[in-house]
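Trainee: Right, I'll just put the structure down here and ask away after.
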Amino acid sequence: MHLLNRIIVATIPLVPRRIVRYFAGRYIAGETIDHAIAKVRQLNGEGTCATLDVLGEDVFTREEATAFREQANQVLHTIVREKLDSNLSIKLTSLGLKIDKDFCRENTREILKVAAGYGIFVRFDMEDSTCTSDTIEIFRALHRDFSKTGIVLQAYLYRTEEDARQLGAEGVGFRLCKGIYKERKEIAFQGREEVQRNFLKVLGLMLRAGAYVGIATHDSVLVDGAQAMLRDLGLRKDQYEFQMLLGVRPELRRTLVREGHKVRVYVPFGEHWYGYSTRRFKENPEIAGYVFKAIFMPNR
């Protein structure tokens, strides 16, 4: 069945978008800010905090990037107005990174000004490897003025250990994830066990440096390894958090919450749901299998 699911993933572009949208509903809050509010309230009621993200990336006009900036600011206003336990995640390509770096930096600065006024933390998401250096450069420039900011590093990139050392020395907080983009073997680990080993190696480096880390994984090997490390280091439960994607392994999320760990769920929403959803299918092909069954075996 695993092979069949992977074949199905390859054919997702041929599936009607309305069907993809139905099954993608577990991964996205919806298309509007009201959908996002409802989802975060539900998560907060379950003892989980959130980070909100307006879906979209790779914009190529200044008008689009400015519109995304204003949507991000709307999210910040909404978090405060609705008293949500959430912070904000942003992608720099949606703010003009591939148009002009200076424009992107100033666009981002405007968001951070609003966030700072509310005391809301903002996470700089990491995208594919073509964006890594520029994202870190802009983050560094802005982190000096806006301390309630953090960055994502991806364990499958060879460079991540050194990036973690350098940024950790600057007092930066991290979200550490495995990484989802397809990268060349020249710059990234390709095997699952290789990535797992590097994840735990980099996590140890971050924690021993005193960084606050969002341990972002659904991998039981990594969750168990992280918990063992946290015990060995004697860290309190307010010195780190676990982070998970909306719709992925909710039973693990609930277990972590019951055990007293802080857990934050990444809650994406917006009109640009299709690209995000198809990436989730590629990461978890079993979900794509549900689409296949719904179309071709509706009575089973």
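Residue numbering restarts at 1 in every chain; chains get A, B, ... in the order shown in the structure tokens, and ligands count up from 1 in that same order.
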Just the strand (DSSP E or B) stuff from segment 147-281 of chain A, please, per backbone DSSP, written as a VMD selection string.
Mentor: chain A and resid 149 to 154 157 173 to 177 188 213 to 216 240 to 245 263 to 269
Trainee: Determine, using only C-alpha atoms, which residues of segment 181-241 of chain A have any atom at most 12 Å from an atom of segment 150-156 of chain A, and tabulate each with its shortest atom pair and distance in Å to one decimal place, rows ordered by chain and then rising number, as a tab-separated table.
Mentor:
residue	atom	partner	partner_atom	distance
A:Tyr181	CA	A:Tyr156	CA	9.7
A:Lys182	CA	A:Tyr156	CA	10.1
A:Glu183	CA	A:Tyr156	CA	8.8
A:Arg184	CA	A:Tyr156	CA	10.6
A:Lys185	CA	A:Tyr156	CA	10.0
A:Glu186	CA	A:Tyr156	CA	11.4
A:Ile187	CA	A:Tyr156	CA	8.6
A:Ala188	CA	A:Tyr156	CA	5.3
A:Phe189	CA	A:Tyr156	CA	5.1
A:Gln190	CA	A:Tyr156	CA	7.4
A:Gly191	CA	A:Tyr156	CA	9.0
A:Arg192	CA	A:Tyr156	CA	9.1
A:Glu193	CA	A:Tyr156	CA	10.4
A:Glu194	CA	A:Tyr156	CA	8.0
A:Val195	CA	A:Tyr156	CA	5.2
A:Gln196	CA	A:Ala155	CA	7.9
A:Arg197	CA	A:Ala155	CA	8.9
A:Asn198	CA	A:Ala155	CA	6.0
A:Phe199	CA	A:Ala155	CA	4.9
A:Leu200	CA	A:Ala155	CA	8.6
A:Lys201	CA	A:Ala155	CA	9.1
A:Val202	CA	A:Ala155	CA	7.3
A:Leu203	CA	A:Ala155	CA	9.0
A:Met206	CA	A:Leu153	CA	10.9
A:Ala211	CA	A:Gly150	CA	10.4
A:Tyr212	CA	A:Gly150	CA	9.4
A:Val213	CA	A:Gly150	CA	9.3
A:Gly214	CA	A:Val152	CA	8.9
A:Ile215	CA	A:Val152	CA	10.3
A:Ala216	CA	A:Val152	CA	9.5
A:Thr217	CA	A:Ala155	CA	10.8
A:Leu222	CA	A:Ala155	CA	11.6
Trainee: Can you list, as JSON, numbers by chain, every protein, DNA or RNA residue that comes within 12 Å of Ala116 of chain A when you count only C-alpha atoms, leaving out same-chain residues fewer than 2 positions away?
Mentor: {"A": [73, 76, 77, 87, 88, 109, 110, 111, 112, 113, 114, 118, 119, 120, 121, 122, 142, 143, 145, 146, 147, 148, 149]}
Trainee: If you measure from atom CA of Ile28 of chain A to atom CA of Thr278 of chain A, what distance in Å do you get, rounded to one decimal?
Mentor: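 Atom CA of Ile28 of chain A sits 11.5 Å away from atom CA of Thr278 of chain A.
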